[in-house]
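Novice: Below is the structure I would like to discuss, written out as structure tokens.
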Amino acid sequence: MSESRASLPDRTWWRSAVLYQIYPRSFADSDGDGIGDLAGIAAHLDHLRGAPDALNVDGIWLSPIYPSPQKDFGYDISDYCAIDPAYGNLRTFDLLVAEAHRRGLKVLLDLVPGHTSDQHPWFQAARRSRDDPHRELYIWADPAPDGGAPNNWTAAFGGSAWQLEERTGQYYLHSFYPEQPDLNWRTPQTHERMADVVRFWLARGVDGFRVDAIDRSMKDALLRENPPAVPGYLTPFMASGDQLHVWNKNRPETVDVVRSIRAAATAARADVMLLGEAYLPVEILGRYLGTPEQPVFDLAFDFTFIATPWDADEMRVTIEGPEAHLPAHGWPCRALSNHDNPRHGTRFGARALRPAAVLLLTLRGTPVLYMGEEIGMLDVPPPAGIRFDRFGRDACRTPMQWSSEAGGGFTGASPWLPLGDIATVNAQDQRPDPRSLLSLYRELLRLRHASAALSTGTFRSIDLPAGSGAVAYLREADGERLVVIVSFRSEPVQVDLRRAARGRLGASGAVVLSTVPERGAGDPVDLAAVSLAPDEALIVELQAR
């Protein structure tokens with residue numbers, strides 16, 4: 001076995017939490033316009049917490065709800081301190097926060113500190129004149145000698161990262177779409193403006209922020225050219241096309257941006273949680289967590305997990321990455337799906353839905369569920385000729401499937417994106433079915449909350465032979481010892497855990513949970529010959545040695 005660091009005793013709420021991402025446009029439509037809204041979210045909070053048959057997650061993260069021209073569906077913000085009318089208003093938001101808190105749910109907002117919309121009043125003023133005081137809020141550069149872009153930097157969505165503003169004769173930088181000009185974090189004015197935003201939402205009861213695309217927030221002050229990519233070097237995530245993003249991504253000064261946001265947050269409230277989005281190799285993520293004395297982010301997504309195929313040997317390497325590379329106080333954070341990537345049921349195949357749920361919810365760290373994964377929603381490609389998101393992410397953003405009725409219980413009108421298979425995949429039908437995927441998620445969350453080993457315990461990987469088709473690990477706390485074994489194959493798998501663990505587990509255990517109905521809680525398990533059914537995941541409580 002390879003042993004990880006012990007969990008630290010000074011817990012904060014997010015260490016034992018399970019978070020749930022809501023894409024507001026697709027969660028629930030309360031006013032019949034085919035678009036989800038805040039009132040719709042509030043009306044469905046019992047699905048998440050508070051009702052006897054709720055999932056019982058601990059917090060919700062709302063993708064952007066700010067006023068926006070929707071060129072990047074809310075990540076192009078035209079007002080940081082208001083609500084887009086499509087979703088409601090500040091009064092609706094306050095009611096949602098109150099209802100969430102009444103149920104014991106924390107509320108996280110998306111904070112987008114790296115860029116605004118080109119329709120934001122700051123940029124509208126900045127683009128009109130080189131002398132406008134708002135000019136320094138953005139990154140401007142003169143054309144190259146040939147009149148072209150100032151350097152070779154490319155944007156995340158393709159093409160040059162520079163756009164010419166003809167009225168002033170300079171280019172502005174955009175790390176994403178041209179309609180999303182980058183903010184300049186080298187000026188104190190940006191720090192002050194974003195601190196005002198943080199304080200505004202904390203005063204309204206928000207419990208924390210998921211901080212968007214933080215790795216793109218700082219760039220080289222000298223605007224040096226990126227070198228060509230070297231195959232296999234700092235990939236995935238640091239290279240795109242033929243370019244290695246060493247000067248316009250993951251700059252050392254980025255930590256200062258987060259510290260600025262942290263200072264504004266903790267000055268307002270000590271328990272604010274910051275979750276960072278940075279598509280970076282796990283070897284780099286640790287720098288974004290700071291130190292126990294000077295924290296930066298509390299959590300940072302490990303996106304190698306979302307990028308790994310459904311293969312036991314590859315997944316084991318990914319699982320052990322944070323254990324090996326995060327600092328001693330670090331706490332992993334993982335998701336299987338989100339609004340930017342194909343759903344894991346589509347990537348892995350529907351057969352993997354159950355074992356993947358066990359994997360996510362029994363690893364050390366804070367898991368983040370994406371709305372609909374608890375009922376097995378798959379990607380729904382839009383009809384030919386219909387495309388909302390230019391980058392092609394519509395298929396993973398389709399409306400939540402609440403019921404089999406017309407509109408899927410999401411809306412009484414025509415939904416903004418097509419629904420999936422609502423006849424067989426919907427929350428209403430799965431809720432009373434003890435064998436449904438939703439019931440499995442509820443049971444996993446119940447176990448996780450009841451078990452110190454699963455929620456905050458230590459992690460040890462069990463060294464199964466390469467090619468075994470399974471991963472296994474030990475979770476321990478307060479004398480409780482649980483082994484999790486997950487099969488990645490659609491045929492039976494047999495593993496010898498006693499040999500793999502070099503005798504440290506004992507000889508036998510008892511089933512706590514299995515994803516197949518043939519195996520019941522309390523059934524004995526011979527650790528020297530664990531037979532897994534196709535696509536089975538198993539949690540076993542070890543007997544005293």
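The way I read the labels, and the way they are meant: chains A, B, ... in the order of the structure tokens, residue 1 as the first residue of every chain, and ligand 1 as the first ligand shown, with later ones counted on from there.
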Fewer than 4 positions away in the same chain doesn't count, so skip those; otherwise give me all residues within 10 Å of A:Arg448, counting only C-alpha atoms, as a list in words.

Specialist: Ser16, Ala17, Val18, Leu361, Thr362, Arg442, Glu443, Leu444, Ala452, Ala453, Leu454, Ser455 and Thr456 of chain A

Novice: Which neighbours of stretch 378-386 of chain A fall inside 10 Å, counting only C-alpha atoms, when residues of the same chain fewer than 3 positions from it are skipped, and could you give them as a list of chain:residue names?

Specialist: A:Asn341, A:Pro342, A:Arg343, A:His344, A:Gly345, A:Thr346, A:Arg347, A:Gly349, A:Ala350, A:Gly372, A:Glu373, A:Ile375, A:Asp389, A:Gly392, A:Arg393, A:Asp394, A:Ala395, A:Cys396, A:Arg397, A:Thr398, A:Pro399, A:Leu417, A:Pro418, A:Leu419, A:Gly420, A:Asp421, A:Val425

Novice: Please report the interatomic distance between atom CA of A:Thr411 and atom CA of A:Asp29 in Å with one decimal.

Specialist: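 Distance between the two atoms: 5.1 Å.
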
Novice: Could you pull out all residues of stretch 167-274 of chain A with a DSSP call of strand (DSSP E or B) and give them as a PyMOL selection string?

Specialist: chain A and resi 170-173+182-183+208-211+228+239-240+243-244+273-274

Novice: Do a neighbour search on stretch 142-153 of chain A at 7 Å with only C-alpha atoms, toss out local chain neighbours closer than 4 positions, and write the hits as a PyMOL selection string.

Specialist: chain A and resi 160-162+170-171+223+225-226

Novice: Given only C-alpha atoms as the basis, pick out the residue of A:Ala195, A:Val255, A:Asp53, A:Val282 nearest to A:Ala267.

Specialist: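 With only C-alpha atoms as the atom set, the closest residue is A:Ala195.
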
Novice: Please identify which residues in stretch 178-422 of chain A DSSP calls alpha helix (DSSP H) from the backbone, and express them as a ChimeraX atom specification.

Specialist: /A:188-203,254-268,282-285,304-307,312-325,344-348,353-362

Novice: For stretch 482-491 of chain A, find every residue with an atom within 7 Å (counting only C-alpha atoms), except residues of its own chain fewer than 6 positions away, and show them as a list in words.

Specialist: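 What passes the distance filter is Trp310, Asp311, Ala312, Pro355, Leu359, Gly469, Ala470, Val471, Ala472, Tyr473, Leu474, Arg475, Glu476, Leu532, Ala533, Pro534, Asp535, Glu536, Ala537, Leu538, Ile539, Val540, Glu541 and Leu542 of chain A.
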
Novice: Give me, please, the distance in Å between atom CA of A:Glu166 and atom CA of A:Leu222, quoted to one decimal.

Specialist: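 If I compute the distance from atom CA of A:Glu166 to atom CA of A:Leu222, I get 22.7 Å.
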
Novice: When distances are computed from only C-alpha atoms, which of A:Asp496, A:Gly503, A:Val512, A:Gly169 shows the smallest separation from A:Ser451?

Specialist: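 Smallest distance to A:Ser451 is found for A:Val512.
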
Novice: Nearest to A:Arg354: which of A:Val112, A:Leu45, A:Met218, A:Leu438 is it, counting only C-alpha atoms?

Specialist: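 That would be A:Leu438, the residue with the smallest distance to A:Arg354.
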
Novice: Which neighbours of A:Thr366 fall inside 12 Å, counting only C-alpha atoms, when residues of the same chain fewer than 3 positions from it are skipped, and could you give them as a VMD selection string?

Specialist: chain A and resid 12 to 20 57 to 59 275 298 to 302 330 to 335 360 to 363 369 448 454 to 457
